[in-house]
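Quick notes on the structure that follows.
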Amino acid sequence: VPDSTLGGKIFFLPLLFSLFFISLRRKCAICLPIALIFLSANIAHASPLTGSFELKTSLWMPQNENLKTFFDPCCNFMTRVQGGAYLQRRYGVEGSIGFLYDSGAAVGAISGTRSQDQYTLLLFPAETSLVLRADYFPWRYLIPFVKAGGDAVVYRESLGSDSITGVKYGAHGAGGLEVLLTNISDSTHALRSDFGIDDLFATLEIQYSWIDSFGSTGFDLSGLLYSVGLLVQF
């Protein structure tokens, strides 16, 4: 089998930096997260890096008092897809894109009474993260992790027939726990031979996002995210 480790290492890192600068120059908020997700599925056998792919469901708890008027302050479901690349399975970068849709009855700004109009909010969050996984020991059934990075959220809010679309920027910090599933039963070993999957994890994560364009006036999408997911490492 040819040794492609050096070639993959030389190829992947310049490509990653190129995508980063393209996303800045083109002002494409989701270019880099999408690129990371797709690249992560192709680098595992071409470089010394480990690729990952994760599907997660999150409960979004908005901190904006106006949003709490329309939506449940607890259980607004957000679906996210995430991909990443890790060096030595410990230090990595991740990209994530997601989707949230919710609606509620409009409330009068002065009277505070509910009207017949519906308020609808669509969110398309995108984020990139630096990740540190505590994968240092042979016993790998529980692996803590922390991450931090930047966010861009494309939003569309509608009230009756009127709508507004825009982008808000911010940052986030998160921490959680990965629970190894691969070695629970003998049948999971077939994942390695049949699909090239090294490990399978269930993830539990808490994240806080500051999405207010760094203190500017206007829409504030800051809030807590409680997430569960299924993480695949290649």
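Lettering and numbering for the structure tokens are positional, with chains as A, B, ... in the shown order, residues counted from 1 in each chain, and ligands counted from 1 in the shown order.
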Could you please write out, as a short mmCIF file (atom, residue, chain, number, x, y, z; two decimals) with N, CA and C atoms, in the first residue's frame, every residue of stretch 70-179 of chain A that DSSP assigns to strand (DSSP E)?
data_model
loop_
_atom_site.label_atom_id
_atom_site.label_comp_id
_atom_site.auth_asym_id
_atom_site.auth_seq_id
_atom_site.Cartn_x
_atom_site.Cartn_y
_atom_site.Cartn_z
N ASN A 76 -36.58 24.75 21.65
CA ASN A 76 -36.64 25.05 20.23
C ASN A 76 -35.60 24.18 19.54
N PHE A 77 -36.06 23.24 18.69
CA PHE A 77 -35.17 22.23 18.15
C PHE A 77 -34.38 22.76 16.95
N MET A 78 -33.08 22.50 16.97
CA MET A 78 -32.18 22.85 15.88
C MET A 78 -31.43 21.60 15.45
N THR A 79 -31.36 21.37 14.15
CA THR A 79 -30.60 20.24 13.59
C THR A 79 -29.30 20.76 13.01
N ARG A 80 -28.20 20.07 13.30
CA ARG A 80 -26.90 20.51 12.81
C ARG A 80 -26.11 19.33 12.25
N VAL A 81 -25.30 19.62 11.23
CA VAL A 81 -24.37 18.66 10.64
C VAL A 81 -22.97 19.23 10.80
N GLN A 82 -22.04 18.37 11.19
CA GLN A 82 -20.71 18.86 11.56
C GLN A 82 -19.64 17.93 11.02
N GLY A 83 -18.54 18.49 10.58
CA GLY A 83 -17.39 17.70 10.13
C GLY A 83 -16.11 18.33 10.60
N GLY A 84 -15.07 17.52 10.79
CA GLY A 84 -13.82 18.06 11.30
C GLY A 84 -12.62 17.22 10.94
N ALA A 85 -11.46 17.74 11.28
CA ALA A 85 -10.19 17.05 11.07
C ALA A 85 -9.34 17.25 12.31
N TYR A 86 -8.69 16.16 12.77
CA TYR A 86 -7.95 16.18 14.03
C TYR A 86 -6.54 15.65 13.83
N LEU A 87 -5.60 16.26 14.51
CA LEU A 87 -4.23 15.78 14.57
C LEU A 87 -4.07 14.96 15.84
N TYR A 91 -6.30 17.44 18.61
CA TYR A 91 -6.34 18.87 18.29
C TYR A 91 -6.93 19.01 16.89
N GLY A 92 -7.99 19.79 16.77
CA GLY A 92 -8.63 19.82 15.47
C GLY A 92 -9.37 21.09 15.16
N VAL A 93 -9.92 21.11 13.95
CA VAL A 93 -10.80 22.17 13.49
C VAL A 93 -12.09 21.52 13.01
N GLU A 94 -13.21 22.21 13.22
CA GLU A 94 -14.51 21.69 12.83
C GLU A 94 -15.32 22.76 12.11
N GLY A 95 -16.20 22.31 11.24
CA GLY A 95 -17.17 23.18 10.62
C GLY A 95 -18.57 22.62 10.85
N SER A 96 -19.55 23.52 10.99
CA SER A 96 -20.90 23.08 11.30
C SER A 96 -21.90 23.99 10.60
N ILE A 97 -22.97 23.39 10.08
CA ILE A 97 -24.10 24.14 9.54
C ILE A 97 -25.37 23.56 10.13
N GLY A 98 -26.41 24.40 10.27
CA GLY A 98 -27.62 23.93 10.91
C GLY A 98 -28.86 24.62 10.37
N PHE A 99 -29.99 24.26 10.96
CA PHE A 99 -31.29 24.77 10.52
C PHE A 99 -32.24 24.79 11.71
N LEU A 100 -32.99 25.91 11.84
CA LEU A 100 -34.04 26.02 12.85
C LEU A 100 -35.20 26.80 12.26
N TYR A 101 -36.40 26.30 12.50
CA TYR A 101 -37.62 26.99 12.10
C TYR A 101 -38.56 27.03 13.30
N ASP A 102 -39.12 28.19 13.57
CA ASP A 102 -40.08 28.30 14.66
C ASP A 102 -41.02 29.47 14.38
N SER A 103 -42.19 29.42 14.99
CA SER A 103 -43.16 30.49 14.80
C SER A 103 -44.00 30.65 16.05
N GLY A 104 -44.60 31.83 16.19
CA GLY A 104 -45.44 32.12 17.34
C GLY A 104 -46.32 33.30 17.06
N ALA A 105 -47.28 33.56 17.94
CA ALA A 105 -48.20 34.67 17.76
C ALA A 105 -47.49 35.99 18.04
N ALA A 106 -47.73 36.99 17.19
CA ALA A 106 -47.14 38.32 17.38
C ALA A 106 -47.75 38.98 18.61
N VAL A 107 -46.96 39.85 19.25
CA VAL A 107 -47.39 40.55 20.46
C VAL A 107 -47.26 42.05 20.22
N ARG A 114 -51.57 39.61 22.44
CA ARG A 114 -51.29 38.81 21.25
C ARG A 114 -52.24 39.20 20.11
N SER A 115 -51.68 39.23 18.90
CA SER A 115 -52.47 39.58 17.72
C SER A 115 -52.71 38.34 16.88
N GLN A 116 -53.40 38.52 15.75
CA GLN A 116 -53.68 37.42 14.84
C GLN A 116 -52.50 37.13 13.91
N ASP A 117 -51.52 38.03 13.86
CA ASP A 117 -50.38 37.83 12.97
C ASP A 117 -49.42 36.78 13.54
N GLN A 118 -48.81 36.05 12.62
CA GLN A 118 -47.82 35.05 13.00
C GLN A 118 -46.41 35.60 12.81
N TYR A 119 -45.57 35.39 13.80
CA TYR A 119 -44.15 35.74 13.68
C TYR A 119 -43.39 34.45 13.41
N THR A 120 -42.57 34.45 12.37
CA THR A 120 -41.82 33.26 11.96
C THR A 120 -40.34 33.59 11.90
N LEU A 121 -39.52 32.66 12.38
CA LEU A 121 -38.08 32.85 12.38
C LEU A 121 -37.41 31.63 11.76
N LEU A 122 -36.57 31.89 10.76
CA LEU A 122 -35.72 30.86 10.14
C LEU A 122 -34.27 31.19 10.45
N LEU A 123 -33.52 30.21 10.94
CA LEU A 123 -32.11 30.39 11.23
C LEU A 123 -31.30 29.35 10.48
N PHE A 124 -30.18 29.82 9.87
CA PHE A 124 -29.22 28.93 9.23
C PHE A 124 -27.85 29.22 9.85
N PRO A 125 -27.54 28.62 11.00
CA PRO A 125 -26.27 28.91 11.67
C PRO A 125 -25.11 28.16 11.04
N ALA A 126 -23.98 28.83 10.94
CA ALA A 126 -22.74 28.23 10.48
C ALA A 126 -21.63 28.62 11.46
N GLU A 127 -20.76 27.67 11.76
CA GLU A 127 -19.68 27.96 12.71
C GLU A 127 -18.44 27.16 12.39
N THR A 128 -17.31 27.70 12.80
CA THR A 128 -16.04 26.98 12.76
C THR A 128 -15.45 26.99 14.17
N SER A 129 -14.77 25.90 14.52
CA SER A 129 -14.29 25.75 15.90
C SER A 129 -12.89 25.17 15.93
N LEU A 130 -12.13 25.59 16.92
CA LEU A 130 -10.91 24.90 17.33
C LEU A 130 -11.30 23.96 18.45
N VAL A 131 -10.80 22.72 18.40
CA VAL A 131 -11.26 21.67 19.31
C VAL A 131 -10.07 21.05 20.03
N LEU A 132 -10.25 20.79 21.31
CA LEU A 132 -9.29 20.03 22.10
C LEU A 132 -10.01 18.84 22.71
N ARG A 133 -9.61 17.63 22.34
CA ARG A 133 -10.18 16.40 22.89
C ARG A 133 -9.18 15.76 23.83
N LEU A 142 -14.87 7.34 27.80
CA LEU A 142 -15.39 8.68 28.06
C LEU A 142 -14.30 9.68 27.72
N ILE A 143 -14.55 10.58 26.77
CA ILE A 143 -13.55 11.55 26.32
C ILE A 143 -14.14 12.95 26.44
N PRO A 144 -13.66 13.77 27.39
CA PRO A 144 -14.12 15.16 27.47
C PRO A 144 -13.54 15.98 26.33
N PHE A 145 -14.20 17.06 25.98
CA PHE A 145 -13.70 17.95 24.94
C PHE A 145 -14.17 19.38 25.22
N VAL A 146 -13.42 20.33 24.69
CA VAL A 146 -13.81 21.74 24.70
C VAL A 146 -13.58 22.30 23.32
N LYS A 147 -14.34 23.34 22.97
CA LYS A 147 -14.18 23.97 21.66
C LYS A 147 -14.59 25.43 21.74
N ALA A 148 -14.05 26.22 20.83
CA ALA A 148 -14.39 27.64 20.74
C ALA A 148 -14.15 28.09 19.30
N GLY A 149 -14.92 29.10 18.88
CA GLY A 149 -14.75 29.56 17.50
C GLY A 149 -15.70 30.68 17.14
N GLY A 150 -15.82 30.91 15.83
CA GLY A 150 -16.62 31.99 15.30
C GLY A 150 -17.91 31.51 14.67
N ASP A 151 -18.91 32.39 14.61
CA ASP A 151 -20.24 32.04 14.11
C ASP A 151 -20.73 33.08 13.10
N ALA A 152 -21.56 32.61 12.20
CA ALA A 152 -22.34 33.48 11.31
C ALA A 152 -23.71 32.84 11.16
N VAL A 153 -24.76 33.61 11.41
CA VAL A 153 -26.12 33.08 11.35
C VAL A 153 -26.92 33.88 10.33
N VAL A 154 -27.36 33.21 9.29
CA VAL A 154 -28.27 33.81 8.31
C VAL A 154 -29.69 33.66 8.87
N TYR A 155 -30.41 34.75 8.96
CA TYR A 155 -31.76 34.69 9.54
C TYR A 155 -32.78 35.32 8.61
N ARG A 156 -33.99 34.86 8.77
CA ARG A 156 -35.13 35.46 8.06
C ARG A 156 -36.29 35.51 9.04
N GLU A 157 -36.76 36.70 9.35
CA GLU A 157 -37.89 36.85 10.25
C GLU A 157 -39.05 37.45 9.48
N SER A 158 -40.24 36.90 9.72
CA SER A 158 -41.43 37.33 9.00
C SER A 158 -42.53 37.65 9.99
N LEU A 159 -43.24 38.74 9.72
CA LEU A 159 -44.40 39.14 10.50
C LEU A 159 -45.51 39.45 9.51
N ASP A 162 -44.70 40.82 5.80
CA ASP A 162 -43.40 41.49 5.79
C ASP A 162 -42.30 40.54 6.29
N SER A 163 -41.12 40.67 5.69
CA SER A 163 -40.01 39.82 6.09
C SER A 163 -38.70 40.58 6.00
N ILE A 164 -37.75 40.17 6.81
CA ILE A 164 -36.41 40.76 6.83
C ILE A 164 -35.40 39.62 6.83
N THR A 165 -34.36 39.75 6.01
CA THR A 165 -33.28 38.76 5.95
C THR A 165 -31.96 39.44 6.24
N GLY A 166 -31.11 38.79 6.99
CA GLY A 166 -29.81 39.37 7.32
C GLY A 166 -28.85 38.33 7.86
N VAL A 167 -27.68 38.79 8.28
CA VAL A 167 -26.65 37.92 8.84
C VAL A 167 -26.15 38.54 10.13
N LYS A 168 -26.02 37.73 11.16
CA LYS A 168 -25.45 38.15 12.44
C LYS A 168 -24.20 37.32 12.70
N TYR A 169 -23.20 37.99 13.29
CA TYR A 169 -21.92 37.33 13.56
C TYR A 169 -21.69 37.24 15.07
N GLY A 170 -20.79 36.34 15.44
CA GLY A 170 -20.49 36.20 16.86
C GLY A 170 -19.46 35.14 17.12
N ALA A 171 -19.47 34.60 18.34
CA ALA A 171 -18.51 33.59 18.77
C ALA A 171 -19.21 32.64 19.73
N HIS A 172 -18.56 31.52 19.99
CA HIS A 172 -19.15 30.53 20.88
C HIS A 172 -18.07 29.80 21.66
N GLY A 173 -18.49 29.20 22.76
CA GLY A 173 -17.66 28.30 23.53
C GLY A 173 -18.49 27.11 23.92
N ALA A 174 -17.88 25.91 23.96
CA ALA A 174 -18.65 24.70 24.23
C ALA A 174 -17.78 23.69 24.97
N GLY A 175 -18.44 22.79 25.63
CA GLY A 175 -17.77 21.67 26.30
C GLY A 175 -18.70 20.48 26.34
N GLY A 176 -18.13 19.30 26.45
CA GLY A 176 -18.99 18.13 26.46
C GLY A 176 -18.23 16.84 26.69
N LEU A 177 -18.92 15.75 26.37
CA LEU A 177 -18.39 14.42 26.64
C LEU A 177 -18.74 13.51 25.47
N GLU A 178 -17.75 12.74 25.03
CA GLU A 178 -17.97 11.72 24.01
C GLU A 178 -17.99 10.35 24.68
N VAL A 179 -19.00 9.55 24.36
CA VAL A 179 -19.16 8.21 24.94
C VAL A 179 -18.92 7.19 23.83
#
Report summary line: Taken to one decimal, the atom CA of A:Gln233-atom CA of A:Phe53 distance is 6.6 Å
Query raised in the report: Which is closer to A:Arg90 than all the others in A:Ser209, A:Asn183, A:Thr217, A:Thr50, using only C-alpha atoms?
Result: A:Thr50
**Report entry** Distance of atom CA of A:Phe214 from atom CA of A:Pro62, expressed in Å to one decimal place
**Finding:**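 One can read the atom CA of A:Pro62 to atom CA of A:Phe214 distance as 16.5 Å.
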Report task. Work out how far apart atom CA of A:Gln63 and atom CA of A:Ser227 are and give it in Å to one decimal. Result ->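 Interatomic distance, atom CA of A:Gln63 to atom CA of A:Ser227: 16.9 Å.
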Query - Nearest to A:Glu54 by atom-to-atom distance, counting only C-alpha atoms, from A:Phe201, A:Phe219, A:Phe71, A:Tyr136 - result: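 Looking only at the distances to A:Glu54, the closest residue turns out to be A:Phe201.
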Report task. Using DSSP on the backbone, list every residue of stretch 140-209 of chain A that comes out as helix (DSSP H, G or I), and give them as a list in words. Result -> Asp186, Ser187, Thr188, His189, Ala190, Leu191, Arg192, Ser193, Asp194 and Phe195 of chain A
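Residues within 8 Å of A:Leu230, counting only C-alpha atoms and excluding same-chain residues fewer than 6 positions away, are Glu54, Leu55, Lys56, Leu200, Phe201, Ala202 and Thr203 of chain A.
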